[in-house]
Amino acid sequence: MKQILQDARTGEIAVAEVPAPQLLPGCVLVSVAASVVSAGTERASSEFASKNLLQKAKSRPDLVRDVLAKVQRDGISSTMNAVRSRLDQPLMLGYSSAGTVIAVGKGITDILVGDRVACAGAGFANHAEFACIPRLLLAKIPNMEIGFEEAAFATLGAVALHGVRTAEAKLGDCVAVIGLGLLGQLTLQMLKAAGCRVIGFDLNPQRAALALQLGADASCDSPDVFRICARSERVDAEPMPF
């Protein structure tokens, strides 16, 4: 099958011919009809992969700590071999897709061959022709009026919804959404549907304008506001006039 892979050393992306996944117990095999390119996530992955080792270390100190811990535990030689092995493995891109079930694994009784499903999960719902998806990472598409391209966005909607729930936003709250990319725009629409007042912030004027079209009560693209927020842990401001 064909799958989009990224070189972990150079960041180069290619369409590769790879073996199709095997059906596992508790999973279903899906023929993928559409997958979403999450621009922010995949751009960040590409930028990280294209950096040299020193730049990677500076941008991901958490990974450096993991490497140092492994050095103390297993020694330098074993750690270097593990790092080289990791860099030699291509990265699988994508985490949100939709398609048709072509096989059902042992233990699954509520999903049938032919069902149309939305799929989620890094390492599972990749940009590939076929995918083996655990039952907990897929959901039936409720009706034929929803196309595969629409259903493929379900994971991104779930990510935005999780953020809203984690923030415990309530009816009447005034909420700031900082960053108005795809997830930011989805988040502000959910907040508005929940009865919140929403202020969108993004340095890109087009994104700020789109936020207003999608229902934000106010938006801001001024670099000065971001500079003030960066210098201060707390910024006191007059109440918004709405």
# chains A, B, ... in the order shown; residues from 1 in each chain; ligands from 1
$ select_by_dssp --residues "range 52-223 of chain A" --states "strand (DSSP E)" --output "PyMOL selection string"
chain A and resi 91-92+96-104+116-120+130-134+138-140+174-178+197-201+218-220
$ residues_around --residues "Cys174 in chain A" --least-positions-apart "4" --cutoff "7 Å" --atoms "only C-alpha atoms" --output "PDB file with all heavy atoms, in the first residue's frame"
ATOM      1  N   CYS A 196     -20.618  31.115  25.696  1.00  0.00           N
ATOM      2  CA  CYS A 196     -19.513  31.946  26.201  1.00  0.00           C
ATOM      3  C   CYS A 196     -19.304  33.172  25.311  1.00  0.00           C
ATOM      4  O   CYS A 196     -19.685  33.187  24.136  1.00  0.00           O
ATOM      5  CB  CYS A 196     -18.215  31.139  26.244  1.00  0.00           C
ATOM      6  SG  CYS A 196     -18.274  29.695  27.329  1.00  0.00           S
ATOM      7  N   ARG A 197     -18.682  34.180  25.870  1.00  0.00           N
ATOM      8  CA  ARG A 197     -18.194  35.312  25.086  1.00  0.00           C
ATOM      9  C   ARG A 197     -16.740  35.015  24.747  1.00  0.00           C
ATOM     10  O   ARG A 197     -15.966  34.635  25.628  1.00  0.00           O
ATOM     11  CB  ARG A 197     -18.313  36.614  25.881  1.00  0.00           C
ATOM     12  CG  ARG A 197     -19.751  36.998  26.219  1.00  0.00           C
ATOM     13  CD  ARG A 197     -19.810  38.254  27.049  1.00  0.00           C
ATOM     14  NE  ARG A 197     -19.174  38.061  28.353  1.00  0.00           N
ATOM     15  CZ  ARG A 197     -18.883  39.048  29.198  1.00  0.00           C
ATOM     16  NH1 ARG A 197     -19.143  40.299  28.870  1.00  0.00           N
ATOM     17  NH2 ARG A 197     -18.328  38.789  30.364  1.00  0.00           N
ATOM     18  N   VAL A 198     -16.373  35.188  23.499  1.00  0.00           N
ATOM     19  CA  VAL A 198     -15.075  34.716  23.036  1.00  0.00           C
ATOM     20  C   VAL A 198     -14.266  35.843  22.402  1.00  0.00           C
ATOM     21  O   VAL A 198     -14.772  36.591  21.554  1.00  0.00           O
ATOM     22  CB  VAL A 198     -15.235  33.577  22.007  1.00  0.00           C
ATOM     23  CG1 VAL A 198     -13.875  33.050  21.586  1.00  0.00           C
ATOM     24  CG2 VAL A 198     -16.088  32.451  22.589  1.00  0.00           C
TER      25      VAL A 198
END
$ residues_around --residues "range 101-116 of chain A" --least-positions-apart "5" --cutoff "8 Å" --atoms "only C-alpha atoms" --output "list in words"
Leu23, Leu24, Pro25, Gly26, Cys27, Val28, Leu29, Val30, Ser31, Arg135, Lys140 and Ile141 of chain A
$ closest_residue --among "A:Met1, A:Ala69, A:Ala98, A:Cys132" --to "Ala20 in chain A" --atoms "only C-alpha atoms"
A:Met1
$ closest_residue --among "A:Glu12, A:Glu145, A:Asp66, A:Asp173" --to "Gly195 in chain A" --atoms "only C-alpha atoms"
A:Asp173
$ residues_around --residues "Leu91 in chain A" --least-positions-apart "4" --cutoff "9 Å" --atoms "only C-alpha atoms" --output "list of chain:residue names"
A:Ile4, A:Leu5, A:Gln6, A:Asp7, A:Ala8, A:Gly123
$ write_last_selection --atoms "all heavy atoms" --output "mmCIF file, in the first residue's frame"
data_model
loop_
_atom_site.group_PDB
_atom_site.id
_atom_site.type_symbol
_atom_site.label_atom_id
_atom_site.label_comp_id
_atom_site.auth_asym_id
_atom_site.auth_seq_id
_atom_site.Cartn_x
_atom_site.Cartn_y
_atom_site.Cartn_z
ATOM 1 N N ILE A 4 2.271 7.996 3.410
ATOM 2 C CA ILE A 4 3.137 9.167 3.490
ATOM 3 C C ILE A 4 4.040 9.022 4.707
ATOM 4 O O ILE A 4 3.564 8.869 5.837
ATOM 5 C CB ILE A 4 2.319 10.465 3.574
ATOM 6 C CG1 ILE A 4 1.518 10.660 2.291
ATOM 7 C CG2 ILE A 4 3.232 11.665 3.811
ATOM 8 C CD1 ILE A 4 0.648 11.893 2.288
ATOM 9 N N LEU A 5 5.352 9.070 4.471
ATOM 10 C CA LEU A 5 6.342 8.933 5.537
ATOM 11 C C LEU A 5 7.291 10.121 5.510
ATOM 12 O O LEU A 5 7.518 10.736 4.474
ATOM 13 C CB LEU A 5 7.138 7.632 5.362
ATOM 14 C CG LEU A 5 6.344 6.322 5.410
ATOM 15 C CD1 LEU A 5 7.261 5.152 5.122
ATOM 16 C CD2 LEU A 5 5.650 6.152 6.755
ATOM 17 N N GLN A 6 7.868 10.404 6.672
ATOM 18 C CA GLN A 6 8.820 11.508 6.796
ATOM 19 C C GLN A 6 10.142 11.000 7.348
ATOM 20 O O GLN A 6 10.164 10.241 8.328
ATOM 21 C CB GLN A 6 8.259 12.588 7.724
ATOM 22 C CG GLN A 6 9.151 13.819 7.868
ATOM 23 C CD GLN A 6 8.497 14.872 8.734
ATOM 24 O OE1 GLN A 6 8.179 14.629 9.892
ATOM 25 N NE2 GLN A 6 8.276 16.042 8.176
ATOM 26 N N ASP A 7 11.240 11.409 6.723
ATOM 27 C CA ASP A 7 12.572 11.038 7.185
ATOM 28 C C ASP A 7 12.857 11.765 8.493
ATOM 29 O O ASP A 7 12.811 12.994 8.557
ATOM 30 C CB ASP A 7 13.621 11.419 6.134
ATOM 31 C CG ASP A 7 14.987 10.828 6.429
ATOM 32 O OD1 ASP A 7 15.501 11.091 7.538
ATOM 33 O OD2 ASP A 7 15.548 10.149 5.565
ATOM 34 N N ALA A 8 13.155 11.016 9.552
ATOM 35 C CA ALA A 8 13.372 11.617 10.873
ATOM 36 C C ALA A 8 14.656 12.432 10.943
ATOM 37 O O ALA A 8 14.824 13.252 11.848
ATOM 38 C CB ALA A 8 13.392 10.531 11.945
ATOM 39 N N GLY A 123 -0.152 7.292 14.831
ATOM 40 C CA GLY A 123 0.320 5.922 14.725
ATOM 41 C C GLY A 123 -0.747 4.960 14.246
ATOM 42 O O GLY A 123 -0.458 3.798 13.978
#
$ closest_residue --among "A:Ala211, A:Ala193, A:Leu137, A:Ala131" --to "Thr155 in chain A" --atoms "only C-alpha atoms"
A:Leu137
$ closest_residue --among "A:Val175, A:Met190, A:Leu214, A:Leu180" --to "Gly157 in chain A" --atoms "only C-alpha atoms"
A:Met190
$ residues_around --residues "Gln206 in chain A" --least-positions-apart "6" --cutoff "12 Å" --atoms "only C-alpha atoms" --output "PyMOL selection string"
chain A and resi 180-181+185+200+212-213+219-221
$ write_last_selection --atoms "N, CA, C and O atoms" --output "PDB file, in the first residue's frame"
ATOM      1  N   LEU A 180      -5.368  31.191  16.380  1.00  0.00           N
ATOM      2  CA  LEU A 180      -6.596  30.957  15.629  1.00  0.00           C
ATOM      3  C   LEU A 180      -6.345  30.147  14.360  1.00  0.00           C
ATOM      4  O   LEU A 180      -6.840  30.472  13.282  1.00  0.00           O
ATOM      5  N   GLY A 181      -5.560  29.086  14.525  1.00  0.00           N
ATOM      6  CA  GLY A 181      -5.425  28.122  13.450  1.00  0.00           C
ATOM      7  C   GLY A 181      -6.669  27.263  13.396  1.00  0.00           C
ATOM      8  O   GLY A 181      -7.730  27.627  13.916  1.00  0.00           O
ATOM      9  N   GLN A 185     -10.015  27.935  15.671  1.00  0.00           N
ATOM     10  CA  GLN A 185     -11.295  28.317  15.086  1.00  0.00           C
ATOM     11  C   GLN A 185     -12.403  27.348  15.503  1.00  0.00           C
ATOM     12  O   GLN A 185     -13.538  27.760  15.773  1.00  0.00           O
ATOM     13  N   GLY A 200     -10.706  36.284  20.301  1.00  0.00           N
ATOM     14  CA  GLY A 200      -9.677  35.544  19.593  1.00  0.00           C
ATOM     15  C   GLY A 200      -8.414  36.363  19.413  1.00  0.00           C
ATOM     16  O   GLY A 200      -8.481  37.562  19.121  1.00  0.00           O
ATOM     17  N   LEU A 212     -13.962  36.483  13.615  1.00  0.00           N
ATOM     18  CA  LEU A 212     -15.160  37.322  13.717  1.00  0.00           C
ATOM     19  C   LEU A 212     -16.283  36.768  12.846  1.00  0.00           C
ATOM     20  O   LEU A 212     -17.451  36.753  13.257  1.00  0.00           O
ATOM     21  N   GLN A 213     -15.943  36.291  11.654  1.00  0.00           N
ATOM     22  CA  GLN A 213     -16.955  35.720  10.775  1.00  0.00           C
ATOM     23  C   GLN A 213     -17.578  34.469  11.378  1.00  0.00           C
ATOM     24  O   GLN A 213     -18.746  34.168  11.134  1.00  0.00           O
ATOM     25  N   SER A 219     -11.770  40.186  18.230  1.00  0.00           N
ATOM     26  CA  SER A 219     -10.514  39.537  17.890  1.00  0.00           C
ATOM     27  C   SER A 219      -9.410  40.577  17.853  1.00  0.00           C
ATOM     28  O   SER A 219      -9.668  41.779  17.732  1.00  0.00           O
ATOM     29  N   CYS A 220      -8.167  40.107  17.963  1.00  0.00           N
ATOM     30  CA  CYS A 220      -7.025  41.018  18.023  1.00  0.00           C
ATOM     31  C   CYS A 220      -5.849  40.396  17.277  1.00  0.00           C
ATOM     32  O   CYS A 220      -5.549  39.219  17.460  1.00  0.00           O
ATOM     33  N   ASP A 221      -5.196  41.205  16.446  1.00  0.00           N
ATOM     34  CA  ASP A 221      -3.988  40.735  15.751  1.00  0.00           C
ATOM     35  C   ASP A 221      -2.798  41.659  16.021  1.00  0.00           C
ATOM     36  O   ASP A 221      -1.802  41.617  15.310  1.00  0.00           O
TER      37      ASP A 221
END
$ residues_around --residues "Glu149 in chain A" --least-positions-apart "4" --cutoff "12 Å" --atoms "only C-alpha atoms" --output "PyMOL selection string"
chain A and resi 32-37+96-99+116-119+141+145+153-154
